[in-house]
Amino acid sequence: MDFKKFTSDATTLFSRAKQYTEEKLGSAEKTEYDSHFETLLLRADKTKEWTERILKQTECVLQPNPSIRYEQLIYEKVDKKKRDLVTNEEQLGQFMVDAGNEFGPGTSYGNALIKCGQAEMRIGLAQKEYINNAHGNFLTPLKNFLEGDMKTVQKERKILETKRLDLDAAKNKVRKAKAGQSKEQDEELAKAEKEEKSCQLEFDRQAEVTKLLLEGISSTHTSHLRCLNDFIESQLNYTSQCQQYLTDLQRDLGSALSVSVQDKANLWQMQSMFKR
């Protein structure tokens, strides 16, 4: 182990901790960022917060059952792919078709159940397509942003904060050294000023890197806007398909019901004739 490096690192960490504590207590001055930089920081924080909320709630909309969501998450982590689950609509549709075949496709009720079941199964398939599109075109880009660009932004912000603490600690050393008059303290002042200059350069360099990343959030908003448009388009296609399936089904059921009523009327008329 390099003992000299270890000692230097420990001293740096202690200096940062001391500076941070004194700032919180109000006994040390702190370098403030300019208003534009603060605005960029605030926008980044809001972007992260609301992206996380929208992502989580969209997942709830696509799959309301939290147990299935958790199961799906585990499956994806293990197999690295999305599990193809049977939707509730598909299950309902299959039950209706099975019941219709049990009662007899030739009966009015059996035939109606089969038609309803087939429509529900088509709705279930449309829902699957909608969910897959929503994941691929909306949720995945949001997740990639949070796990990629946003993590990079947060990492660089933390580095910037340590550079700021180092800079302010160096500034405090300079102020304390200037308060002295002796030759030894003059030497300390020169050393402190050199350290301050070095810290200032590192801080400025890191501030520029962080600023560029923060300004990139504008591109993220533009990208997420396209994703949002894709999500709404897939939702519109899904609801349009469902409406068409149900409209066609309602028409078929109405015709079947009219035939059934007419059959009952004819049966009643025949029974009346026989009674005479």
# chains A, B, ... in the order shown; residues from 1 in each chain; ligands from 1
>>> residues_around(residues="A:Lys176", least_positions_apart="3", cutoff="12 Å", atoms="only C-alpha atoms", output="PDB file with C-alpha atoms, in the first residue's frame")
ATOM      1  CA  ALA A  28     -18.102  28.444   6.311  1.00  0.00           C
ATOM      2  CA  ALA A 169     -11.924  24.291   1.681  1.00  0.00           C
ATOM      3  CA  ALA A 170      -8.923  25.738  -0.196  1.00  0.00           C
ATOM      4  CA  LYS A 171     -10.472  29.223  -0.115  1.00  0.00           C
ATOM      5  CA  ASN A 172     -10.932  28.935   3.646  1.00  0.00           C
ATOM      6  CA  LYS A 173      -7.266  27.994   4.012  1.00  0.00           C
ATOM      7  CA  ALA A 179      -4.968  36.551   8.764  1.00  0.00           C
ATOM      8  CA  GLY A 180      -1.383  35.823   9.878  1.00  0.00           C
ATOM      9  CA  GLN A 181       1.691  38.033   9.738  1.00  0.00           C
ATOM     10  CA  GLN A 185       2.320  31.987   7.645  1.00  0.00           C
ATOM     11  CA  ASP A 186       3.339  33.741   4.420  1.00  0.00           C
ATOM     12  CA  GLU A 188       1.393  28.802   4.180  1.00  0.00           C
ATOM     13  CA  LEU A 189      -0.454  31.508   2.249  1.00  0.00           C
ATOM     14  CA  ALA A 190       1.545  30.841  -0.925  1.00  0.00           C
ATOM     15  CA  ALA A 192      -2.810  27.691   0.074  1.00  0.00           C
ATOM     16  CA  GLU A 193      -3.161  30.048  -2.916  1.00  0.00           C
TER      17      GLU A 193
END
>>> atom_distance(atom1="atom CA of A:Glu233", atom2="atom CA of A:Arg43")
27.2 Å
>>> atom_distance(atom1="atom CA of A:Glu52", atom2="atom CA of A:Leu212")
22.5 Å
>>> residues_around(residues="stretch 103-116 of chain A", least_positions_apart="5", cutoff="10 Å", atoms="only C-alpha atoms", output="count of residues only")
20
>>> atom_distance(atom1="atom CA of A:Asp149", atom2="atom CA of A:Ser223")
12.6 Å
>>> select_by_dssp(residues="stretch 7-159 of chain A", states="alpha helix (DSSP H)", output="ChimeraX atom specification")
/A:7-25,35-62,66-79,88-103,108-134,140-147,149-159
>>> residues_around(residues="stretch 131-136 of chain A", least_positions_apart="5", cutoff="10 Å", atoms="only C-alpha atoms", output="compact mmCIF listing (two decimals) with N, CA and C atoms, in the first residue's frame")
# COMPACT_ATOMS: atom_id res chain seq x y z
N THR A 58 -47.46 4.13 -15.83
CA THR A 58 -47.78 3.51 -17.11
C THR A 58 -47.71 1.99 -17.00
N GLU A 59 -46.73 1.50 -16.25
CA GLU A 59 -46.63 0.06 -16.01
C GLU A 59 -47.86 -0.45 -15.28
N VAL A 61 -50.87 0.86 -15.50
CA VAL A 61 -51.98 0.90 -16.46
C VAL A 61 -51.93 -0.32 -17.38
N LEU A 62 -50.72 -0.64 -17.85
CA LEU A 62 -50.57 -1.77 -18.78
C LEU A 62 -50.78 -3.11 -18.08
N GLN A 63 -50.39 -3.19 -16.82
CA GLN A 63 -50.60 -4.41 -16.05
C GLN A 63 -50.99 -4.02 -14.62
N LYS A 82 -39.25 -10.41 -22.71
CA LYS A 82 -40.58 -10.20 -22.14
C LYS A 82 -41.39 -11.49 -22.25
N ASP A 84 -44.59 -13.77 -22.71
CA ASP A 84 -45.86 -13.63 -23.44
C ASP A 84 -46.98 -14.22 -22.59
N LEU A 125 -55.77 -10.05 -28.11
CA LEU A 125 -54.60 -9.99 -28.99
C LEU A 125 -54.23 -8.54 -29.31
N ALA A 126 -55.25 -7.70 -29.51
CA ALA A 126 -55.01 -6.28 -29.77
C ALA A 126 -54.36 -5.62 -28.55
N PRO A 141 -37.47 3.39 -23.79
CA PRO A 141 -36.66 4.61 -23.88
C PRO A 141 -36.58 5.38 -22.56
N LEU A 142 -37.69 5.41 -21.81
CA LEU A 142 -37.68 6.10 -20.52
C LEU A 142 -36.74 5.40 -19.53
N LYS A 143 -36.81 4.06 -19.52
CA LYS A 143 -35.93 3.29 -18.64
C LYS A 143 -34.46 3.49 -19.02
N CYS A 227 -41.58 9.68 -28.18
CA CYS A 227 -42.02 8.44 -27.53
C CYS A 227 -43.46 8.57 -27.05
N LEU A 228 -43.78 9.72 -26.50
CA LEU A 228 -45.13 9.97 -26.01
C LEU A 228 -46.14 9.91 -27.15
N ASP A 230 -45.80 8.19 -29.93
CA ASP A 230 -45.91 6.79 -30.31
C ASP A 230 -46.83 6.03 -29.35
N PHE A 231 -46.72 6.35 -28.06
CA PHE A 231 -47.55 5.69 -27.05
C PHE A 231 -49.03 6.00 -27.26
N ILE A 232 -49.34 7.28 -27.48
CA ILE A 232 -50.73 7.68 -27.69
C ILE A 232 -51.27 7.09 -28.99
N GLU A 233 -50.43 7.02 -30.00
CA GLU A 233 -50.85 6.43 -31.28
C GLU A 233 -51.20 4.95 -31.12
N SER A 234 -50.37 4.22 -30.37
CA SER A 234 -50.65 2.80 -30.15
C SER A 234 -51.90 2.62 -29.29
N GLN A 235 -52.11 3.53 -28.35
CA GLN A 235 -53.31 3.48 -27.51
C GLN A 235 -54.55 3.76 -28.34
N TYR A 238 -55.33 0.75 -30.51
CA TYR A 238 -55.91 -0.32 -29.68
C TYR A 238 -57.39 -0.05 -29.39
>>> residues_around(residues="A:Val86", least_positions_apart="4", cutoff="9 Å", atoms="only C-alpha atoms", output="list in words")
Glu90, Gln91, Gly124, Leu125 and Lys128 of chain A
>>> closest_residue(among="A:Gln243, A:Thr47, A:Gln118, A:Ser255", to="A:Met150", atoms="only C-alpha atoms")
A:Thr47
>>> closest_residue(among="A:Asn144, A:Thr210, A:Thr87, A:Asn101", to="A:Tyr33", atoms="only C-alpha atoms")
A:Thr210
